[in-house]
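The structure appears below as structure tokens.
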Amino acid sequence: SSDVCSSDLDDNKVVITDNGQGILVNSWRDDGKTVLQAVFDELNTSGKFSSDGVYQGSALGLHGQGSKLTNFLSHSLIATSYNLKGEWESVSFKEGVFEGRTLGVEKEHPQSGLTVSFQPSEEFFDNPRVNEKKLRDFCEDITCLCPGLTIKFNGENISHSGIDDLLARKLGRDESLLGDFLLFQEKQGKQKISAAATYCGLSSSNIT
């Protein structure tokens, strides 16, 4: 899958598109909210789901706290989810409060995914301007932890082959004294673990 992240320095707006499964479209909860709305304004709800209700993919954040915090700390946020039937739902928020919902169908080029645009509020940050370097570094780390994932950051493709690439990034200019890294990967049923280690010229340990 591929994620797209871009920022507009003129109005400090961030736009993120995830070309994955998206969030359930026009699926209503007992409290009168759709799943998409609840992901952004109801605590302890998440957009991660599967047919049996249990998400088992590789992901950071399974409880949806990041989506709520992003909404509550922004002047405005718009989230639009698409499914493979061509159906889409868009929800908008102003100062963290739900404003409205739009539904539609795009049958010509159906594609699942989610697009979120938001504008951080200076009320909560010393400087609401997006730290692009820190955000790009985060994208680099994520693609190391999720091999096969490609993130397009402001037009630049970022992808890595595995956790050994993350170790190489953390080493920076320092060199491994072993040459090759020590790599450990194990899978038992639905549980997986990956680890990489090496000795280098640093005098202190670093665990990431």
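If you're wondering about the labels, chains in the structure tokens are A, B, ... by order shown, residues count from 1 in each chain, ligands from 1 in order shown.
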Test item: residues at most 8 Å from A:Gly148, only C-alpha atoms, excluding those fewer than 5 positions along its chain, as a PyMOL selection string: chain A and resi 1+143+159-161
Counting only C-alpha atoms, what is within 9 Å of stretch 65-82 of chain A, bar same-chain residues fewer than 3 positions away, as number ranges by chain? A: 21-25, 36-46, 61-62, 85-97, 102, 105-106, 110-125
Interatomic distance, atom CA of A:Ile163 to atom CA of A:Leu145 (Å, one decimal): 5.6 Å
Just list as a VMD selection string whatever in stretch 10-126 of chain A DSSP marks as alpha helix (DSSP H). chain A and resid 35 to 41 65 to 72
Let me see the file: selected residues, N, CA and C atoms, as an mmCIF file, in the first residue's frame.
data_model
loop_
_atom_site.group_PDB
_atom_site.id
_atom_site.type_symbol
_atom_site.label_atom_id
_atom_site.label_comp_id
_atom_site.auth_asym_id
_atom_site.auth_seq_id
_atom_site.Cartn_x
_atom_site.Cartn_y
_atom_site.Cartn_z
ATOM 1 N N VAL A 35 -19.297 5.355 11.937
ATOM 2 C CA VAL A 35 -17.987 4.894 12.390
ATOM 3 C C VAL A 35 -16.923 5.941 12.062
ATOM 4 N N LEU A 36 -17.018 6.545 10.881
ATOM 5 C CA LEU A 36 -16.026 7.540 10.468
ATOM 6 C C LEU A 36 -16.026 8.734 11.420
ATOM 7 N N GLN A 37 -17.196 9.248 11.766
ATOM 8 C CA GLN A 37 -17.254 10.380 12.701
ATOM 9 C C GLN A 37 -16.685 9.993 14.051
ATOM 10 N N ALA A 38 -17.071 8.813 14.557
ATOM 11 C CA ALA A 38 -16.628 8.376 15.881
ATOM 12 C C ALA A 38 -15.122 8.213 15.955
ATOM 13 N N VAL A 39 -14.497 7.803 14.851
ATOM 14 C CA VAL A 39 -13.036 7.644 14.831
ATOM 15 C C VAL A 39 -12.349 8.961 15.167
ATOM 16 N N PHE A 40 -13.001 10.093 14.841
ATOM 17 C CA PHE A 40 -12.367 11.394 15.042
ATOM 18 C C PHE A 40 -12.924 12.193 16.219
ATOM 19 N N ASP A 41 -14.006 11.730 16.857
ATOM 20 C CA ASP A 41 -14.503 12.532 17.990
ATOM 21 C C ASP A 41 -15.064 11.703 19.145
ATOM 22 N N GLN A 65 -6.523 7.037 19.268
ATOM 23 C CA GLN A 65 -6.276 8.248 20.061
ATOM 24 C C GLN A 65 -5.668 9.358 19.202
ATOM 25 N N GLY A 66 -4.810 8.994 18.260
ATOM 26 C CA GLY A 66 -4.157 10.004 17.429
ATOM 27 C C GLY A 66 -5.136 10.791 16.584
ATOM 28 N N SER A 67 -6.155 10.129 16.047
ATOM 29 C CA SER A 67 -7.136 10.828 15.213
ATOM 30 C C SER A 67 -7.939 11.834 16.037
ATOM 31 N N LYS A 68 -8.303 11.440 17.269
ATOM 32 C CA LYS A 68 -9.041 12.370 18.134
ATOM 33 C C LYS A 68 -8.188 13.570 18.519
ATOM 34 N N LEU A 69 -6.940 13.326 18.912
ATOM 35 C CA LEU A 69 -6.054 14.418 19.318
ATOM 36 C C LEU A 69 -5.809 15.375 18.161
ATOM 37 N N THR A 70 -5.609 14.828 16.972
ATOM 38 C CA THR A 70 -5.398 15.682 15.802
ATOM 39 C C THR A 70 -6.602 16.583 15.580
ATOM 40 N N ASN A 71 -7.790 16.023 15.706
ATOM 41 C CA ASN A 71 -9.010 16.810 15.519
ATOM 42 C C ASN A 71 -9.150 17.884 16.595
ATOM 43 N N PHE A 72 -8.985 17.497 17.858
ATOM 44 C CA PHE A 72 -9.208 18.435 18.967
ATOM 45 C C PHE A 72 -8.167 19.556 19.016
#
Contacts of A:Asp180 within 12 Å, only C-alpha atoms, excl. fewer than 4 positions in-chain, as a PyMOL selection string: chain A and resi 164-165+167-168+175-176+196-200
Atoms kept (all heavy atoms) for selection, written as a short mmCIF file (atom, residue, chain, number, x, y, z; two decimals), in the first residue's frame:
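So the final result, stored in again_8.cif, reads:
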data_model
loop_
_atom_site.label_atom_id
_atom_site.label_comp_id
_atom_site.auth_asym_id
_atom_site.auth_seq_id
_atom_site.Cartn_x
_atom_site.Cartn_y
_atom_site.Cartn_z
N ASP A 164 16.49 -3.83 9.47
CA ASP A 164 17.93 -3.59 9.35
C ASP A 164 18.19 -2.20 8.77
O ASP A 164 19.21 -1.56 9.09
CB ASP A 164 18.61 -4.67 8.51
CG ASP A 164 17.90 -4.92 7.20
OD1 ASP A 164 16.67 -4.76 7.15
OD2 ASP A 164 18.57 -5.31 6.23
N ASP A 165 17.29 -1.71 7.91
CA ASP A 165 17.43 -0.35 7.39
C ASP A 165 17.25 0.68 8.50
O ASP A 165 17.88 1.73 8.51
CB ASP A 165 16.41 -0.09 6.29
CG ASP A 165 16.77 -0.80 4.99
OD1 ASP A 165 17.90 -1.29 4.87
OD2 ASP A 165 15.90 -0.88 4.10
N LEU A 167 18.06 0.20 11.67
CA LEU A 167 19.30 0.18 12.45
C LEU A 167 20.38 0.99 11.74
O LEU A 167 21.12 1.75 12.37
CB LEU A 167 19.76 -1.26 12.65
CG LEU A 167 21.04 -1.46 13.46
CD1 LEU A 167 20.94 -0.79 14.83
CD2 LEU A 167 21.34 -2.94 13.62
N ALA A 168 20.47 0.85 10.44
CA ALA A 168 21.46 1.61 9.67
C ALA A 168 21.20 3.11 9.79
O ALA A 168 22.13 3.91 9.91
CB ALA A 168 21.42 1.18 8.20
N GLU A 175 29.97 3.26 12.20
CA GLU A 175 30.02 2.01 11.45
C GLU A 175 29.84 0.82 12.37
O GLU A 175 30.27 0.82 13.53
CB GLU A 175 31.36 1.88 10.70
CG GLU A 175 31.55 2.92 9.61
CD GLU A 175 32.84 2.69 8.84
OE1 GLU A 175 33.53 1.69 9.14
OE2 GLU A 175 33.13 3.48 7.94
N SER A 176 29.21 -0.22 11.84
CA SER A 176 29.05 -1.46 12.59
C SER A 176 30.40 -2.18 12.66
O SER A 176 31.08 -2.35 11.64
CB SER A 176 28.02 -2.36 11.92
OG SER A 176 28.02 -3.64 12.50
N ALA A 196 16.97 -6.30 15.40
CA ALA A 196 18.28 -6.14 14.77
C ALA A 196 19.22 -5.51 15.77
O ALA A 196 18.82 -4.65 16.57
CB ALA A 196 18.16 -5.26 13.52
N ALA A 197 20.48 -5.94 15.76
CA ALA A 197 21.46 -5.42 16.71
C ALA A 197 22.85 -5.46 16.10
O ALA A 197 23.11 -6.22 15.16
CB ALA A 197 21.43 -6.23 18.02
N THR A 198 23.72 -4.63 16.64
CA THR A 198 25.11 -4.63 16.20
C THR A 198 25.98 -3.94 17.24
O THR A 198 25.47 -3.27 18.15
CB THR A 198 25.27 -3.93 14.84
OG1 THR A 198 26.59 -4.16 14.34
CG2 THR A 198 25.05 -2.42 14.97
N TYR A 199 27.27 -4.15 17.14
CA TYR A 199 28.25 -3.40 17.95
C TYR A 199 28.83 -2.30 17.09
O TYR A 199 29.11 -2.49 15.91
CB TYR A 199 29.36 -4.32 18.44
CG TYR A 199 28.95 -5.32 19.49
CD1 TYR A 199 28.67 -6.64 19.15
CD2 TYR A 199 28.81 -4.92 20.82
CE1 TYR A 199 28.28 -7.54 20.11
CE2 TYR A 199 28.42 -5.83 21.79
CZ TYR A 199 28.16 -7.14 21.43
OH TYR A 199 27.76 -8.05 22.38
N CYS A 200 29.01 -1.13 17.69
CA CYS A 200 29.57 -0.01 16.94
C CYS A 200 30.53 0.74 17.84
O CYS A 200 30.84 0.34 18.96
CB CYS A 200 28.47 0.90 16.42
SG CYS A 200 27.49 1.66 17.74
#
One decimal, in Å: what's the spacing between atom CA of A:Leu183 and atom CA of A:Asp141? 17.0 Å
Apply DSSP to the structure's backbone, then extract all residues of stretch 84-192 of chain A labelled strand (DSSP E or B) and return them as a VMD selection string. chain A and resid 87 to 94 97 to 105 113 to 120 150 to 153 156 to 158 176 182 to 188 191 to 192
